[in-house]
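model.tsv follows; it contains TSV, C-alpha atoms and all ligand atoms.
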chain	number	residue	atom	x	y	z
A	1	MET	CA	122.75	84.08	40.96
A	2	GLN	CA	120.80	82.49	38.09
A	3	PRO	CA	123.09	81.20	35.30
A	4	ASP	CA	122.60	82.84	31.89
A	5	THR	CA	120.68	80.20	29.98
A	6	ARG	CA	120.01	82.29	26.88
A	7	PRO	CA	121.40	80.98	23.59
A	8	SER	CA	124.45	82.74	22.14
A	9	PRO	CA	123.96	85.89	19.97
A	10	PHE	CA	124.51	83.80	16.82
A	11	PHE	CA	121.62	81.52	17.72
A	12	ARG	CA	119.43	84.44	18.84
A	13	ARG	CA	119.98	86.18	15.50
A	14	MET	CA	119.26	83.00	13.62
A	15	ARG	CA	116.02	82.46	15.51
A	16	ARG	CA	114.60	85.64	13.98
A	17	PHE	CA	114.11	83.59	10.80
A	18	ILE	CA	112.27	80.81	12.61
A	19	PRO	CA	108.48	81.22	12.93
A	20	PRO	CA	107.20	81.37	16.57
A	21	ALA	CA	105.08	78.22	16.05
A	22	ILE	CA	108.28	76.23	15.38
A	23	GLN	CA	110.11	77.86	18.31
A	24	GLU	CA	107.45	76.54	20.70
A	25	ASN	CA	108.59	72.96	20.08
A	26	PRO	CA	112.24	72.40	21.11
A	27	VAL	CA	112.87	69.48	18.74
A	28	ARG	CA	111.37	71.29	15.72
A	29	LEU	CA	113.35	74.37	16.74
A	30	MET	CA	116.57	72.33	16.67
A	31	HIS	CA	115.73	70.96	13.20
A	32	ALA	CA	114.94	74.47	11.92
A	33	GLU	CA	118.24	75.77	13.36
A	34	ASN	CA	120.13	72.96	11.62
A	35	ILE	CA	118.48	73.81	8.30
A	36	LEU	CA	119.55	77.43	8.77
A	37	PHE	CA	123.13	76.26	9.47
A	38	GLY	CA	122.90	74.31	6.23
A	39	CYS	CA	121.85	77.49	4.39
A	40	VAL	CA	124.68	79.50	5.98
A	41	MET	CA	127.23	76.81	5.10
A	42	ALA	CA	126.01	76.18	1.56
A	43	GLY	CA	125.54	79.93	0.99
A	44	SER	CA	129.18	80.54	1.96
A	45	ILE	CA	130.74	77.52	0.23
A	46	ALA	CA	129.01	78.02	-3.17
A	47	PRO	CA	130.64	81.43	-3.91
A	48	VAL	CA	134.05	80.11	-2.80
A	49	PHE	CA	133.80	77.32	-5.37
A	50	GLY	CA	132.38	79.77	-7.92
A	51	LEU	CA	135.50	81.90	-7.57
A	52	LEU	CA	137.71	78.82	-7.63
A	53	TYR	CA	136.19	77.59	-10.91
A	54	LEU	CA	136.60	81.08	-12.38
A	55	TYR	CA	140.28	80.94	-11.38
A	56	LEU	CA	140.59	77.42	-12.84
A	57	GLY	CA	139.28	78.66	-16.18
A	58	ASP	CA	135.79	77.10	-16.08
A	59	PRO	CA	133.31	80.04	-16.00
A	60	ALA	CA	130.25	77.88	-16.84
A	61	THR	CA	130.72	75.76	-13.67
A	62	ALA	CA	131.47	78.95	-11.73
A	63	TRP	CA	128.12	80.39	-12.80
A	64	LEU	CA	126.38	77.16	-11.76
A	65	CYS	CA	127.79	77.78	-8.24
A	66	PHE	CA	126.76	81.45	-8.25
A	67	ALA	CA	123.27	80.60	-9.56
A	68	ALA	CA	122.71	78.28	-6.58
A	69	ILE	CA	123.21	81.10	-4.05
A	70	PRO	CA	119.82	82.91	-4.37
A	71	PRO	CA	117.69	79.74	-3.96
A	72	ILE	CA	119.86	78.65	-1.00
A	73	LEU	CA	119.39	82.04	0.69
A	74	ALA	CA	115.64	81.91	-0.02
A	75	VAL	CA	115.21	78.63	1.87
A	76	PRO	CA	114.69	80.31	5.32
A	77	LEU	CA	111.57	81.94	3.85
A	78	LEU	CA	110.11	78.46	3.36
A	79	LEU	CA	110.36	77.62	7.08
A	80	GLY	CA	106.93	79.21	7.61
A	81	ARG	CA	105.47	76.60	5.23
A	82	GLY	CA	107.04	73.68	7.03
A	83	ILE	CA	110.42	72.35	8.11
A	84	ALA	CA	110.30	69.40	5.67
A	85	LEU	CA	109.69	71.69	2.70
A	86	ALA	CA	112.57	74.03	3.65
A	87	ARG	CA	114.92	71.10	4.31
A	88	ASP	CA	114.11	69.30	1.06
A	89	ALA	CA	114.32	72.54	-0.94
A	90	LEU	CA	117.81	73.24	0.45
A	91	ILE	CA	119.03	69.71	-0.23
A	92	ALA	CA	117.46	69.68	-3.70
A	93	VAL	CA	119.39	72.85	-4.64
A	94	ILE	CA	122.65	71.33	-3.36
A	95	PHE	CA	121.87	68.02	-5.09
A	96	LEU	CA	121.20	69.67	-8.47
A	97	LEU	CA	124.29	71.83	-8.12
A	98	LEU	CA	126.42	68.74	-7.46
A	99	LEU	CA	124.88	66.92	-10.43
A	100	GLY	CA	125.71	69.93	-12.60
A	101	ILE	CA	129.30	70.17	-11.35
A	102	CYS	CA	129.91	66.44	-11.71
A	103	TYR	CA	128.43	66.50	-15.22
A	104	ARG	CA	130.75	69.33	-16.24
A	105	VAL	CA	133.93	68.43	-14.35
A	106	GLY	CA	135.12	64.85	-14.36
A	107	GLY	CA	131.91	62.81	-13.98
A	108	ILE	CA	132.54	59.99	-11.53
A	109	SER	CA	136.13	61.26	-11.02
A	110	SER	CA	134.93	64.74	-10.06
A	111	PRO	CA	136.23	65.94	-6.68
A	112	SER	CA	132.63	67.08	-6.00
A	113	ILE	CA	131.24	63.55	-6.04
A	114	ILE	CA	132.03	63.09	-2.32
A	115	TRP	CA	129.89	66.16	-1.54
A	116	PHE	CA	126.76	64.09	-2.23
A	117	SER	CA	127.27	62.68	1.28
A	118	MET	CA	126.31	66.14	2.64
A	119	CYS	CA	122.74	65.68	1.35
A	120	SER	CA	121.86	62.88	3.76
A	121	PHE	CA	123.92	64.56	6.50
A	122	ILE	CA	121.92	67.82	6.25
A	123	ALA	CA	118.70	65.80	5.97
A	124	MET	CA	119.49	63.97	9.19
A	125	LEU	CA	120.29	67.15	11.13
A	126	GLY	CA	117.23	68.87	9.71
A	127	GLY	CA	114.62	66.21	10.16
A	128	GLY	CA	115.63	62.80	11.30
A	129	LEU	CA	116.52	59.40	9.99
A	130	ARG	CA	113.79	58.93	7.37
A	131	ALA	CA	114.73	62.05	5.45
A	132	ALA	CA	118.41	61.09	5.70
A	133	LEU	CA	117.70	57.63	4.32
A	134	ARG	CA	115.69	59.05	1.41
A	135	TRP	CA	118.48	61.46	0.45
A	136	ALA	CA	121.18	58.83	0.94
A	137	ILE	CA	119.37	56.53	-1.54
A	138	LEU	CA	118.96	59.39	-4.03
A	139	SER	CA	122.64	60.33	-3.69
A	140	VAL	CA	123.80	56.74	-4.23
A	141	LEU	CA	121.51	56.47	-7.26
A	142	ALA	CA	122.93	59.76	-8.60
A	143	VAL	CA	126.52	58.52	-8.20
A	144	LEU	CA	125.63	55.17	-9.83
A	145	GLY	CA	123.82	57.03	-12.61
A	146	ILE	CA	126.86	59.22	-13.30
A	147	TYR	CA	129.06	56.13	-13.41
A	148	ALA	CA	126.67	54.22	-15.66
A	149	ALA	CA	126.28	57.21	-18.00
A	150	GLN	CA	130.03	57.56	-18.31
A	151	LYS	CA	130.48	53.83	-18.92
A	152	SER	CA	127.80	53.79	-21.59
A	153	GLY	CA	129.47	56.64	-23.48
A	154	PHE	CA	127.08	59.48	-22.57
A	155	PRO	CA	128.66	62.66	-24.01
A	156	PHE	CA	130.06	64.50	-20.96
A	157	PRO	CA	131.62	67.87	-21.88
A	158	ALA	CA	135.41	67.71	-22.11
A	159	VAL	CA	136.09	70.43	-19.54
A	160	GLN	CA	139.74	70.84	-18.55
A	161	VAL	CA	140.25	72.77	-15.34
A	162	ARG	CA	143.62	74.46	-15.14
A	163	ASP	CA	144.79	72.81	-11.91
A	164	MET	CA	143.00	69.57	-11.00
A	165	PRO	CA	145.12	68.84	-7.90
A	166	LEU	CA	144.19	72.30	-6.53
A	167	LEU	CA	140.50	71.54	-7.11
A	168	GLN	CA	140.97	68.18	-5.34
A	169	LEU	CA	142.73	69.88	-2.46
A	170	VAL	CA	140.11	72.63	-1.92
A	171	SER	CA	137.28	70.14	-2.29
A	172	THR	CA	138.75	67.72	0.25
A	173	ILE	CA	139.58	70.47	2.74
A	174	GLY	CA	136.09	71.91	2.16
A	175	ILE	CA	134.29	68.68	2.98
A	176	ILE	CA	136.43	68.05	6.07
A	177	CYS	CA	135.73	71.57	7.37
A	178	SER	CA	132.02	71.40	6.50
A	179	VAL	CA	131.48	68.14	8.33
A	180	GLY	CA	133.46	69.43	11.35
A	181	LEU	CA	131.59	72.74	11.46
A	182	ASP	CA	128.21	71.05	10.99
A	183	ILE	CA	128.91	68.70	13.89
A	184	PHE	CA	130.10	71.62	16.04
A	185	LEU	CA	126.98	73.69	15.30
A	186	PHE	CA	124.73	70.67	15.76
A	187	GLU	CA	126.32	70.05	19.16
A	188	LYS	CA	125.79	73.72	20.10
A	189	SER	CA	122.15	73.59	19.08
A	190	ARG	CA	121.66	70.29	20.98
A	191	THR	CA	123.28	71.83	24.08
A	192	ASN	CA	120.92	74.81	23.82
A	193	LEU	CA	117.99	72.45	23.53
A	194	VAL	CA	119.01	70.40	26.57
A	195	ARG	CA	119.59	73.59	28.57
A	196	GLU	CA	116.20	75.00	27.64
A	197	LEU	CA	114.47	71.71	28.45
A	198	ASN	CA	116.23	71.65	31.84
A	199	GLN	CA	115.10	75.19	32.50
A	200	ALA	CA	111.50	74.29	31.60
A	201	MET	CA	111.69	71.21	33.82
A	202	HIS	CA	112.91	73.32	36.76
A	203	ALA	CA	110.08	75.80	36.21
A	204	VAL	CA	107.52	72.96	36.17
A	205	GLN	CA	109.10	71.42	39.26
A	206	HIS	CA	109.00	74.78	41.04
A	207	LEU	CA	105.33	75.22	40.14
A	208	ALA	CA	104.56	71.71	41.41
A	209	THR	CA	106.25	72.22	44.78
A	210	HIS	CA	105.75	75.91	45.61
A	211	ASP	CA	102.79	78.03	46.55
A	212	GLU	CA	102.05	80.56	43.83
A	213	LEU	CA	100.99	83.38	46.17
A	214	THR	CA	103.80	83.25	48.71
A	215	GLY	CA	106.64	81.35	47.05
A	216	VAL	CA	107.05	79.05	50.07
A	217	PHE	CA	106.45	75.29	49.70
A	218	ASN	CA	102.91	74.20	48.91
A	219	ARG	CA	100.92	71.80	51.08
A	220	ARG	CA	101.93	68.65	49.14
A	221	GLU	CA	105.62	69.50	49.29
A	222	ILE	CA	105.71	70.53	52.95
A	223	LEU	CA	103.97	67.25	53.87
A	224	ARG	CA	106.49	65.32	51.75
A	225	LEU	CA	109.32	67.13	53.52
A	226	ALA	CA	107.70	66.36	56.88
A	227	GLU	CA	107.73	62.63	56.01
A	228	GLN	CA	111.36	62.93	54.93
A	229	GLU	CA	112.33	64.68	58.18
A	230	LYS	CA	110.45	62.07	60.19
A	231	HIS	CA	112.47	59.28	58.54
A	232	ARG	CA	115.69	61.23	59.07
A	233	ALA	CA	114.88	61.84	62.75
A	234	GLU	CA	113.97	58.17	63.25
A	235	ARG	CA	117.15	56.94	61.57
A	236	HIS	CA	119.69	59.39	62.93
A	237	GLY	CA	117.90	60.54	66.09
A	238	GLY	CA	117.66	64.21	66.98
A	239	ASP	CA	114.75	66.51	67.70
A	240	PHE	CA	112.36	67.78	65.10
A	241	CYS	CA	109.41	70.11	65.69
A	242	ILE	CA	106.29	70.82	63.70
A	243	CYS	CA	104.84	74.30	64.05
A	244	LEU	CA	101.39	75.24	62.79
A	245	ILE	CA	100.76	78.98	62.36
A	246	ASP	CA	97.48	80.79	61.75
A	247	ILE	CA	96.89	84.51	61.14
A	248	ASP	CA	94.51	85.90	63.77
A	249	HIS	CA	91.17	87.36	62.72
A	250	PHE	CA	92.15	87.13	59.12
A	251	LYS	CA	88.55	87.20	57.97
A	252	ALA	CA	88.26	90.67	59.51
A	253	ILE	CA	91.35	91.80	57.54
A	254	ASN	CA	89.78	90.54	54.32
A	255	ASP	CA	86.46	92.12	55.16
A	256	SER	CA	87.95	95.51	56.08
A	257	PHE	CA	90.67	95.85	53.45
A	258	GLY	CA	89.67	93.47	50.67
A	259	HIS	CA	91.07	90.16	49.45
A	260	GLY	CA	93.92	91.80	47.53
A	261	ILE	CA	95.37	93.32	50.71
A	262	GLY	CA	94.58	90.04	52.52
A	263	ASP	CA	96.76	88.23	49.96
A	264	GLN	CA	99.59	90.70	50.50
A	265	VAL	CA	99.40	90.18	54.28
A	266	ILE	CA	99.68	86.42	53.73
A	267	ARG	CA	102.72	87.07	51.51
A	268	GLU	CA	104.38	89.39	54.08
A	269	ILE	CA	103.96	86.86	56.88
A	270	ALA	CA	105.28	84.00	54.73
A	271	CYS	CA	108.26	86.18	53.87
A	272	ALA	CA	108.88	87.03	57.54
A	273	MET	CA	108.92	83.33	58.46
A	274	GLN	CA	111.06	82.32	55.51
A	275	SER	CA	113.66	84.95	56.36
A	276	GLU	CA	113.80	83.88	60.04
A	277	VAL	CA	114.21	80.11	59.62
A	278	ARG	CA	117.52	78.33	59.16
A	279	LYS	CA	118.46	76.89	55.78
A	280	THR	CA	117.74	73.40	57.06
A	281	ASP	CA	114.20	74.33	58.19
A	282	HIS	CA	111.19	74.44	55.89
A	283	VAL	CA	108.18	76.73	55.58
A	284	GLY	CA	105.04	75.77	53.67
A	285	ARG	CA	101.55	77.10	53.14
A	286	TYR	CA	99.30	74.50	54.71
A	287	GLY	CA	95.94	76.12	53.96
A	288	GLY	CA	94.42	79.56	53.25
A	289	GLU	CA	96.01	81.63	56.06
A	290	GLU	CA	97.70	78.69	57.75
A	291	PHE	CA	101.40	77.78	57.53
A	292	LEU	CA	103.44	74.77	58.56
A	293	MET	CA	107.06	75.12	59.67
A	294	LEU	CA	109.39	72.16	60.06
A	295	LEU	CA	112.16	72.96	62.51
A	296	THR	CA	114.84	70.31	62.12
A	297	SER	CA	117.36	69.41	64.84
A	298	THR	CA	115.38	71.66	67.18
A	299	SER	CA	114.21	70.78	70.70
A	300	ALA	CA	110.75	71.78	71.93
A	301	ASP	CA	112.25	74.58	74.06
A	302	ALA	CA	114.31	75.94	71.16
A	303	ALA	CA	111.29	75.74	68.85
A	304	GLN	CA	109.20	77.67	71.38
A	305	ALA	CA	111.86	80.39	71.70
A	306	PHE	CA	112.20	80.61	67.94
A	307	ALA	CA	108.42	80.76	67.41
A	308	GLU	CA	108.21	83.49	70.04
A	309	ARG	CA	110.71	85.54	68.06
A	310	ILE	CA	108.58	85.27	64.92
A	311	ARG	CA	105.38	86.02	66.83
A	312	GLN	CA	106.93	89.18	68.28
A	313	ARG	CA	108.34	90.23	64.92
A	314	VAL	CA	104.91	89.92	63.24
A	315	ALA	CA	103.09	91.63	66.12
A	316	ALA	CA	105.57	94.53	66.13
A	317	ALA	CA	105.40	95.06	62.37
A	318	ARG	CA	103.10	97.86	61.27
A	319	LEU	CA	102.17	97.06	57.70
A	320	PRO	CA	101.37	100.19	55.67
A	321	LEU	CA	98.90	97.99	53.77
A	322	LEU	CA	96.81	97.72	56.93
A	323	GLU	CA	97.17	101.43	57.71
A	324	ALA	CA	99.58	100.46	60.52
A	325	LYS	CA	96.97	98.30	62.27
A	326	PRO	CA	98.68	95.34	63.95
A	327	VAL	CA	98.38	91.81	62.63
A	328	THR	CA	99.11	88.86	64.89
A	329	ILE	CA	99.62	85.14	64.55
A	330	SER	CA	98.95	82.17	66.82
A	331	MET	CA	101.05	79.01	66.80
A	332	GLY	CA	100.83	75.42	67.96
A	333	ILE	CA	104.05	73.43	68.28
A	334	ALA	CA	104.47	69.66	68.46
A	335	ALA	CA	107.83	68.04	69.09
A	336	PHE	CA	107.86	64.98	66.86
A	337	ARG	CA	107.82	61.61	68.57
A	338	PRO	CA	109.27	58.54	66.86
A	339	ASP	CA	106.17	56.46	67.70
A	340	GLU	CA	103.75	58.68	65.81
A	341	THR	CA	102.92	59.50	62.21
A	342	VAL	CA	103.31	62.94	60.63
A	343	ALA	CA	99.51	63.26	60.56
A	344	GLN	CA	99.39	62.59	64.32
A	345	ALA	CA	102.12	65.16	65.03
A	346	ILE	CA	100.26	67.74	62.90
A	347	ALA	CA	97.01	66.90	64.70
A	348	ARG	CA	98.73	67.62	68.03
A	349	ALA	CA	100.13	70.90	66.70
A	350	ASP	CA	96.63	71.77	65.45
A	351	GLU	CA	95.18	71.06	68.86
A	352	ALA	CA	97.81	73.34	70.43
A	353	LEU	CA	96.97	76.02	67.88
A	354	TYR	CA	93.31	75.71	68.78
A	355	ARG	CA	94.24	76.24	72.42
A	356	ALA	CA	96.29	79.31	71.48
A	357	LYS	CA	93.24	80.74	69.73
A	358	TRP	CA	91.03	79.84	72.62
A	359	GLU	CA	93.40	81.42	75.14
A	360	GLY	CA	93.18	84.76	73.36
A	361	ARG	CA	95.35	84.51	70.15
A	362	ASN	CA	98.72	86.15	69.50
A	363	ARG	CA	100.37	83.38	71.48
A	364	ILE	CA	102.16	80.05	71.27
A	365	GLU	CA	101.02	76.77	72.77
A	366	MET	CA	102.96	73.53	73.01
A	367	ALA	CA	101.23	70.27	72.07
A	368	LEU	CA	100.54	67.59	74.59
A	369	GLY	CA	102.09	64.17	74.10
A	370	MET	CA	99.89	61.44	72.61
A	371	ARG	CA	99.46	59.71	75.93
A	372	GLU	CA	98.60	62.91	77.75
A	373	ARG	CA	96.10	63.60	74.99
A	374	SER	CA	94.32	60.28	75.27
A	375	ALA	CA	94.26	60.64	79.07
A	376	ALA	CA	92.72	64.13	78.80
B	1	LIG	N1	92.89	87.05	50.99
B	1	LIG	C1	92.88	85.74	51.19
B	1	LIG	N2	92.06	85.23	52.12
B	1	LIG	C2	92.07	83.91	52.34
B	1	LIG	C3	92.91	83.06	51.62
B	1	LIG	N3	92.69	81.79	52.07
B	1	LIG	C4	91.75	81.87	53.03
B	1	LIG	N4	91.37	83.16	53.22
B	1	LIG	C5	90.38	83.70	54.15
B	1	LIG	O1	90.89	83.58	55.46
B	1	LIG	C6	89.76	83.65	56.35
B	1	LIG	C7	89.95	82.71	57.49
B	1	LIG	O2	88.94	82.97	58.37
B	1	LIG	P1	88.64	82.09	59.64
B	1	LIG	O3	89.00	80.66	59.37
B	1	LIG	O4	87.23	82.38	60.06
B	1	LIG	O5	89.64	82.58	60.70
B	1	LIG	P2	90.08	84.03	61.21
B	1	LIG	O6	89.18	85.11	60.73
B	1	LIG	O7	91.52	84.16	60.83
B	1	LIG	O8	89.94	83.87	62.74
B	1	LIG	P3	90.86	83.07	63.74
B	1	LIG	O9	91.63	82.08	62.93
B	1	LIG	O10	89.93	82.39	64.66
B	1	LIG	O11	91.72	84.08	64.40
B	1	LIG	C8	88.53	83.34	55.50
B	1	LIG	O12	87.77	84.52	55.36
B	1	LIG	C9	89.09	82.93	54.15
B	1	LIG	O13	88.27	83.36	53.08
B	1	LIG	C10	93.76	83.63	50.63
B	1	LIG	O14	94.52	82.96	49.93
B	1	LIG	N5	93.71	84.97	50.45
What would the structure in this file look like if it were written as structure tokens?
Ligand SMILES: Nc1nc2c(ncn2[C@@H]2O[C@H](COP(=O)(O)OP(=O)(O)OP(=O)(O)O)[C@@H](O)[C@H]2O)c(=O)[nH]1
Amino acid sequence: MQPDTRPSPFFRRMRRFIPPAIQENPVRLMHAENILFGCVMAGSIAPVFGLLYLYLGDPATAWLCFAAIPPILAVPLLLGRGIALARDALIAVIFLLLLGICYRVGGISSPSIIWFSMCSFIAMLGGGLRAALRWAILSVLAVLGIYAAQKSGFPFPAVQVRDMPLLQLVSTIGIICSVGLDIFLFEKSRTNLVRELNQAMHAVQHLATHDELTGVFNRREILRLAEQEKHRAERHGGDFCICLIDIDHFKAINDSFGHGIGDQVIREIACAMQSEVRKTDHVGRYGGEEFLMLLTSTSADAAQAFAERIRQRVAAARLPLLEAKPVTISMGIAAFRPDETVAQAIARADEALYRAKWEGRNRIEMALGMRERSAA
């Protein structure tokens, strides 16, 4: 059973806000997702602090928090115009909000001062190191500016919140939770990305090694497997047979029923072979209507008996596609010899196949050994 590789419902819902052009690129998708997390986080934290400042008797700062909510929630709409624009717009709103809060409540001693660190954090998750560095410099300059302004006697409003320790407490807990949640969501989005890349890699690998029409191995892969089996047989001993299969009078099938039906016949026969072989054997499409089977740990006699079973199964099948007309296959089998190459073993199987055709088709012929061949 295929594992469920779809992202969680939260991520799927969030992706509705991400333009398809961004979704095509996994890294840009991850940055866009992180910016959306930033919007969700900032959009939920701002009203909490708004309510807190109302409770603490500072309605002007509370309204600053509430006023930041609409621009934060509008940021996803900017994603269509570019990730950098959306990211910088979000951070700019947060940055200005923090400047406003620090100006009103405590200056350099404001519990909100530490929240400037979130600017470079969000920038990093939403776009990489350069953006993070830019926002880190701006944040440091802002903090230094607040300090310098206070030192030089700039008139900060004398706002007294009712319960400063409570503000400190909520602010500290808020930043701890925000950082933790951001890291958790970032990790989730990174895991999704890795999983999707893995999936894409498997799909590409499958396309590179399998025949599109039949789903069995393609020529390159079956030849690679043949080399691998040859090395295994040479190292560990054991028999290994190569079986070349060709559909008889296939041109006539194409001519009578059309190429579409011809393709389906090729598919049916590939499927019949694939379902008959053992898990350790391999089936590949060698050419148009020609297949190569690698029968591992199989003696020549066993390979012949097995091939006979497939030949009979195909000959007995009455495909509705062909209006129940029989279709047959011919096969040539070569038992691999340690002193020959894969190409030589296939050449012997091909020679046996040629004999099977010559002898009347719908039959199996065993290859001669190399020495017998050169003597012939
Ligand atoms: N439909 C279809 N036909 C193919 C495909 N690949 C090759 N063919 C056709 O298969 C036919 C093979 O014909 P031949 O090589 O003359 O052999 P045959 O008619 O099978 O005769 P024997 O092999 O001698 O029994 C050709 O007409 C090719 O066009 C394919 O992928 N799909």
Env of region 244-260 of chain A: 7 Å cut, atoms = all atoms listed in the file, seq-sep filter 3 positions within chain, self excluded. Answer as a ChimeraX atom specification.
/A:263-264,289-293,328-333,349-350,353,361
If you count all atoms listed in the file, which residues fall within 10 Å of His31 (chain A), apart from same-chain ones fewer than 3 positions away, as a ChimeraX atom specification?
/A:22,26-28,34-37,83-84,87,122-128,186,189-190
As JSON: centre and edge lengths in Å, one decimal, of the axis-aligned box holding region 268-271 of chain A with 3 Å per side:
{"center_x": 106.1, "center_y": 86.7, "center_z": 55.4, "size_x": 10.3, "size_y": 11.4, "size_z": 9.0}
Please measure the separation of CA of Ile137 (chain A) and CA of Gly82 (chain A), giving the value in Å to one decimal.
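Spanning CA of Ile137 (chain A) to CA of Gly82 (chain A) is a straight-line distance of 22.8 Å.
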Long-range neighbours of Ile108 (chain A) as a PyMOL selection string, 10 Å cut-off, only C-alpha atoms, 3 positions minimum in chain:
chain A and resi 102-103+105+111-114+143-151
Writer output for current selection, C-alpha atoms, as a PDB file, keeping the file's coordinate frame:
ATOM      1  CA  CYS A 102     129.910  66.440 -11.710  1.00  0.00           C
ATOM      2  CA  TYR A 103     128.430  66.500 -15.220  1.00  0.00           C
ATOM      3  CA  VAL A 105     133.930  68.430 -14.350  1.00  0.00           C
ATOM      4  CA  PRO A 111     136.230  65.940  -6.680  1.00  0.00           C
ATOM      5  CA  SER A 112     132.630  67.080  -6.000  1.00  0.00           C
ATOM      6  CA  ILE A 113     131.240  63.550  -6.040  1.00  0.00           C
ATOM      7  CA  ILE A 114     132.030  63.090  -2.320  1.00  0.00           C
ATOM      8  CA  VAL A 143     126.520  58.520  -8.200  1.00  0.00           C
ATOM      9  CA  LEU A 144     125.630  55.170  -9.830  1.00  0.00           C
ATOM     10  CA  GLY A 145     123.820  57.030 -12.610  1.00  0.00           C
ATOM     11  CA  ILE A 146     126.860  59.220 -13.300  1.00  0.00           C
ATOM     12  CA  TYR A 147     129.060  56.130 -13.410  1.00  0.00           C
ATOM     13  CA  ALA A 148     126.670  54.220 -15.660  1.00  0.00           C
ATOM     14  CA  ALA A 149     126.280  57.210 -18.000  1.00  0.00           C
ATOM     15  CA  GLN A 150     130.030  57.560 -18.310  1.00  0.00           C
ATOM     16  CA  LYS A 151     130.480  53.830 -18.920  1.00  0.00           C
TER      17      LYS A 151
END
One decimal, in Å: what's the spacing between CA of Ile269 (chain A) and CA of Gln199 (chain A)?
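CA of Gln199 (chain A) lies 29.2 Å from CA of Ile269 (chain A).
In this model, the gap between CA of Ser297 (chain A) and CA of Glu227 (chain A) comes to 14.7 Å.
With all atoms listed in the file as the atoms that count, the residue of A:Tyr286, A:Phe306, A:Phe154, A:Phe95 with the shortest distance to ligand LIG 1 (chain B) is A:Tyr286.
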